[in-house]
Structure formats: C-alpha cells, structure tokens
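Peer 1: Structure in structure tokens, see below.
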Amino acid sequence: MANKDVLIQALNYEEPARVPWVPYVGVHGGYLIGKDADEYLNSAELLYQGAMKAIEEYRPDGLPIAFDLQLEAEVLGCDLAWVKDNPPAVKGHVLDKVSLSDLRLPTEGDGRMPLVLKTAERLVQEVGKDIGLMGLVCGPFTLGLHLMGSKIVSKMVKKPDEVLEVMGFCAKVCAEMARMYLDRGIEIIAVVDPMTSTISPKFFDKFVVPSYDPAIEIINKFKAYSLCFVCGNATRIIPNLSRLNMHGFAVDENLDFKYVAEEARKNRKAFAGNLPLTTGLLFGEVEENIQYAEECIEIGKGPGFILAPGCDMPYFCEPENVKAVAGLVHGK
Amino acid sequence: MGKHVLIELFTLDSAGCAPCTYIKEVVDNACSKIDGEVEIVEHKIKDKAAVKLMKERGVKSIPTICINSDIVYESLLPEEEELIKEMEKRMK
C-alpha cells in the first residue's frame, strides 16, 4: 500500500493498518537543504528540493506543497516583511489603501503563484502516486485579517455587513486557489485558517463557516479531500469544526487532544495533531519526541486519526526529532 | 513620573505566525492611543527562555497577552477599545 493510501483511509474515516503521518514541512524544507526561508519561498526549484528532501528523511504519508499563508495576500496587494527563518508576515493591509471593489481575484500568473503551482505540478508527476500532496490555501478569515488588519474584530460587532462583504470576497479567493491546485492533480486541500481560534463560536458560525462553502464545493466537484487547519487554543470552536462539511480538521498542541478526538468522532471526521512544536520538535530530545508521539497515538488511535505537528514546523526543527517520529510510525 | 503599564506577549513569533502577528498589531495600535508609558515585551517561545517563563507564569497557549503580569487574553484577539480599557485599569 502506498503511503498516500494510508492517509486517504484516515480521511475516509477508516482505520489504516498503521498510523498516518503528515509532517507540515513549510520553511523547514529550506533548513533541510541549507537555504533561508525567504529564498526558499521564492523559488520553485528550492520548494521542490525541500519537499523531496523531506520525503526522503521523514517518510511522510502526506506533505504540503508550500506553507505560506501570505501568498494570496501578497498577490492582492498587501505588503510583506521577509525574514530568514520564518514565512513572511503581512505588514501593510491593502484595504487601508484601496476599496474592496478595486480588488480582483488572483490568477495563476500573479505574484508567486506560478512557482508554487509549478512545484505542485512537478511533485504530482514525480511522487503524487505515493505521497498525499496537500495544497494549502489561506483560509478566508485569516485572509480577511491580512486585507483589513486587526480592526476586522471591532467591525464584526460594529459593521458586520462590511465584514461579511470582505469575507465573501475572501471565500472566492480561497476557492480559486483551491481550484488552481486541484487542476494540477492535488487531491487534498487544506483550508488553513489559524485566526479562527481567536474568535467566539458564534462569530465563527456567522462570519466564517459560510465562507468555506465555495472552496468545499469545488473540492467536492473534483472528488478531492478537504481539511480545515486551525492553531492556538481552538477549544471553543472544536464542535463547530467537527460539524464543517469537510473531511476533517487539524489542531495544534494548545488543547486537549482527547476532547478533539471525541468531538471529531461524533461526526465521523478525520482529525490531525498534535505533536508539540517548540517543546518537542524544536528543543526536545529524540526520546521525548518519541514519547510525545506515543501519547498522541494512544489518544488518537482509531478511525480518522492522523499524526501531525501542531502547526507549520519551525524553520530550525531538529531533523533527528522528526525522523524519530517517522521511525515510530513506520516501526523502524 | 507618569503612569506606566507593562504588556507582555507570549507568541511563537510575531514575525511569522499570523495569530501572533495580529495580536502584536492590535497591541501596537492600542498603545499608540493610550495616555501613559507602555512597555511591550514579546516572549517568543522559539527561545528556550520564553518556554521556561511561559510555564512559570502559567500561560497555557499562544498567543497570550499579559498586562502587568495578569493573563488577560489567551488565544483571543481583543477589540482595540476593550484592550485599551484593560490597560488603563492597570496603569500605575
């Protein structure tokens, strides 16, 4: 059985013969090949090399093409600040400069889209049969923050119609980005919306849940798989996440994984998590990481469970720690 | 001497993690509108010392905003006006 099939079984809410394993190698792929994060995220060749190195070293069942939630925002006109050991951060919000009606949906030739899509094409061709390649798209609420800035929170109370309009646009961007990946043969789309853990369940249902519909529609049309990634302490919205019309969701280490497993299983959803990023993969010893992984597996084992780090792996993650987790999963 | 308040942010890194970036942004915006001296310290848990401090202080998740050592917002993006009120309450 191919590694990808192990992951697909979990996404279908089945229990594979072994635990599915998805290391979220983003800028860490640059570290693996000796390149800075900014250079890495600006080169199709380096993204390809980093992914291939991660496949060789970490023996994953699934792997992101790129983990950069600022890709869409950059195309739409937000200013980015680049550093050597992180993905870029948005520093200027485009809706401070122009109105929403001035924005156009991203196209395949805009910004860094061509290099990410080229990487997707190449990886699909070379390893797509064996590895569950994941197209990561910036979730609509996180994109809304990129476009509007943190004032979106006040406006959810004071000017909800304005926020809903922005969210409607972000939903279209999210669906369009998913389509670009799906057109290239990517079979798993992760809508990565980390900002959702910072709002109430009520606001999540009102402003965010409907914004996932266009992406879900196109993912289903391609008969592909859908996941929602969150981070931070998302405990408040776990029941809401498990009710989404997606195949599953992924959480980070800031919450009770037993509770996550229980809620996911109420709705027969796949759930991924939640290896500690800093205390484990970044600073921990090999033995500690094996212990963390064993604890996750003990809690999560069964249908739908996917072993994964809590979020995008830090640039300087210790490769031996990640390899140790891979060894545990593969039994050697 | 004027009034003073200490804001501590526990983050992964506001330079590369979206929730941390926006927590920092809302704090910066609030601080620019408050009357008094504000000291902002970011504890990035990509540094071992920050992980140790996080445990000592009982901070359980990131991003977290502490005001004068009180844990005020954990994984919650506050409205700017609400944050200003919380800061003003603790001005000394």
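Here, A, B, ... name the chains of the structure tokens in the order displayed, residue numbers run from 1 inside each chain, and ligands are numbered from 1 in the same displayed order.
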Using 6 Å as the limit and counting only C-alpha atoms, can you tabulate each residue of chain A that touches chain B, with its shortest atom-to-atom distance in Å and the two atoms involved, as a tab-separated table?
Peer 2:
```
residue	atom	partner	partner_atom	distance
A:Asn86	CA	B:Gly16	CA	5.1
A:Pro87	CA	B:Gly16	CA	5.2
A:Pro88	CA	B:Gly16	CA	5.7
A:Ala89	CA	B:Gly16	CA	5.3
A:Ser150	CA	B:Tyr22	CA	5.9
A:Val153	CA	B:Glu79	CA	5.9
A:Ser154	CA	B:Glu79	CA	5.3
A:Met195	CA	B:Pro19	CA	5.5
A:Thr198	CA	B:Leu76	CA	4.1
A:Gly232	CA	B:Ile62	CA	5.8
A:Asn233	CA	B:Ser75	CA	5.6
A:Asn254	CA	B:Ser61	CA	5.3
```
Peer 1: Give the helix (DSSP H, G or I) residues of chain B, as DSSP finds them on the backbone, and put them as number ranges by chain.
Peer 2: B: 18-31, 48-57, 80-89
Peer 1: Apply DSSP to the structure's backbone, then extract all residues of region 94-240 of chain A labelled strand (DSSP E) and return them as a ChimeraX atom specification.
Peer 2: /A:132-138,188-192,225-229
Peer 1: Using only N, CA, C and O atoms, please write the residues we just selected to a file, as an mmCIF file, in the first residue's frame.
Peer 2:
```cif
data_model
loop_
_atom_site.group_PDB
_atom_site.id
_atom_site.type_symbol
_atom_site.label_atom_id
_atom_site.label_comp_id
_atom_site.auth_asym_id
_atom_site.auth_seq_id
_atom_site.Cartn_x
_atom_site.Cartn_y
_atom_site.Cartn_z
ATOM 1 N N GLY A 132 0.510 11.782 -0.330
ATOM 2 C CA GLY A 132 -0.691 12.616 -0.362
ATOM 3 C C GLY A 132 -0.299 14.084 -0.352
ATOM 4 O O GLY A 132 -0.115 14.674 0.714
ATOM 5 N N LEU A 133 -0.137 14.651 -1.538
ATOM 6 C CA LEU A 133 0.304 16.052 -1.632
ATOM 7 C C LEU A 133 -0.859 16.973 -1.273
ATOM 8 O O LEU A 133 -1.991 16.778 -1.722
ATOM 9 N N MET A 134 -0.543 17.978 -0.467
ATOM 10 C CA MET A 134 -1.586 18.849 0.064
ATOM 11 C C MET A 134 -1.418 20.275 -0.455
ATOM 12 O O MET A 134 -0.340 20.855 -0.339
ATOM 13 N N GLY A 135 -2.486 20.796 -1.009
ATOM 14 C CA GLY A 135 -2.489 22.200 -1.409
ATOM 15 C C GLY A 135 -3.040 23.016 -0.256
ATOM 16 O O GLY A 135 -4.187 22.830 0.152
ATOM 17 N N LEU A 136 -2.226 23.897 0.283
ATOM 18 C CA LEU A 136 -2.658 24.717 1.410
ATOM 19 C C LEU A 136 -3.115 26.078 0.912
ATOM 20 O O LEU A 136 -2.371 26.769 0.203
ATOM 21 N N VAL A 137 -4.331 26.440 1.270
ATOM 22 C CA VAL A 137 -4.847 27.756 0.872
ATOM 23 C C VAL A 137 -5.118 28.582 2.122
ATOM 24 O O VAL A 137 -5.475 28.041 3.163
ATOM 25 N N CYS A 138 -4.917 29.875 2.009
ATOM 26 C CA CYS A 138 -5.164 30.744 3.160
ATOM 27 C C CYS A 138 -6.668 30.800 3.427
ATOM 28 O O CYS A 138 -7.453 31.123 2.527
ATOM 29 N N ILE A 188 -5.701 16.713 -2.017
ATOM 30 C CA ILE A 188 -6.083 17.116 -0.658
ATOM 31 C C ILE A 188 -5.891 18.628 -0.542
ATOM 32 O O ILE A 188 -4.792 19.136 -0.790
ATOM 33 N N ILE A 189 -6.953 19.314 -0.183
ATOM 34 C CA ILE A 189 -6.864 20.767 0.018
ATOM 35 C C ILE A 189 -7.061 21.063 1.509
ATOM 36 O O ILE A 189 -8.042 20.616 2.118
ATOM 37 N N ALA A 190 -6.109 21.795 2.072
ATOM 38 C CA ALA A 190 -6.248 22.230 3.464
ATOM 39 C C ALA A 190 -6.524 23.730 3.475
ATOM 40 O O ALA A 190 -5.735 24.519 2.951
ATOM 41 N N VAL A 191 -7.668 24.076 4.029
ATOM 42 C CA VAL A 191 -8.007 25.492 4.212
ATOM 43 C C VAL A 191 -7.412 25.885 5.572
ATOM 44 O O VAL A 191 -7.884 25.439 6.616
ATOM 45 N N VAL A 192 -6.348 26.669 5.514
ATOM 46 C CA VAL A 192 -5.592 26.960 6.734
ATOM 47 C C VAL A 192 -6.058 28.309 7.289
ATOM 48 O O VAL A 192 -5.811 29.344 6.687
ATOM 49 N N TYR A 225 -10.197 15.744 -1.263
ATOM 50 C CA TYR A 225 -10.407 15.741 0.195
ATOM 51 C C TYR A 225 -10.173 17.141 0.762
ATOM 52 O O TYR A 225 -9.310 17.877 0.281
ATOM 53 N N SER A 226 -10.933 17.452 1.807
ATOM 54 C CA SER A 226 -10.849 18.795 2.398
ATOM 55 C C SER A 226 -10.550 18.707 3.887
ATOM 56 O O SER A 226 -11.091 17.865 4.603
ATOM 57 N N LEU A 227 -9.667 19.597 4.316
ATOM 58 C CA LEU A 227 -9.333 19.702 5.734
ATOM 59 C C LEU A 227 -9.345 21.174 6.126
ATOM 60 O O LEU A 227 -9.048 22.036 5.295
ATOM 61 N N CYS A 228 -9.653 21.446 7.382
ATOM 62 C CA CYS A 228 -9.527 22.796 7.906
ATOM 63 C C CYS A 228 -8.453 22.782 8.981
ATOM 64 O O CYS A 228 -8.512 21.968 9.908
ATOM 65 N N PHE A 229 -7.450 23.628 8.831
ATOM 66 C CA PHE A 229 -6.367 23.715 9.823
ATOM 67 C C PHE A 229 -6.609 24.936 10.710
ATOM 68 O O PHE A 229 -6.835 26.038 10.196
#
```
Peer 1: Measure the distance from CA of Leu143 (chain A) to CA of Met246 (chain A) in Å and round it to one decimal.
Peer 2: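 Atom-to-atom, CA of Leu143 (chain A) and CA of Met246 (chain A) are spaced 19.3 Å apart.
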Peer 1: To one decimal in Å, tell me the separation between CA of Met167 (chain A) and CA of Ser211 (chain A).
Peer 2: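 Spanning CA of Met167 (chain A) to CA of Ser211 (chain A) is a straight-line distance of 6.3 Å.
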Peer 1: May I ask for the distance between CA of Gly304 (chain A) and CA of Gly273 (chain A), given in Å to one decimal place?
Peer 2: 11.3 Å
Peer 1: Excluding Leu282 (chain A) and any residue of its chain fewer than 4 positions from it, enumerate the residues within 9 Å of it, using only C-alpha atoms, and give them as a PyMOL selection string.
Peer 2: (chain A and resi 276-278+313-319+321) or (chain B and resi 46)
Peer 1: List as a list of chain:residue names the protein and nucleic acid residues near Ile237 (chain A), meaning an atom at most 8 Å away when only C-alpha atoms are counted, but skip any in the same chain fewer than 5 places from it.
Peer 2: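 Once the adjacent positions are removed, what remains is A:Ser197, A:Ser200, A:Pro201, A:Phe204.
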Peer 1: Which residue gives the smallest distance to Glu14 (chain A) among A:Ile238, A:Val260, A:Ile306, A:Leu46, with only C-alpha atoms counted?
Peer 2: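 Nearest to Glu14 (chain A): A:Ile306.
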Peer 1: Near region 102-116 of chain A, within 6 Å and counting only C-alpha atoms, which residues show up once chain neighbours fewer than 4 positions away are dropped, as a ChimeraX atom specification?
Peer 2: /A:44,75,173
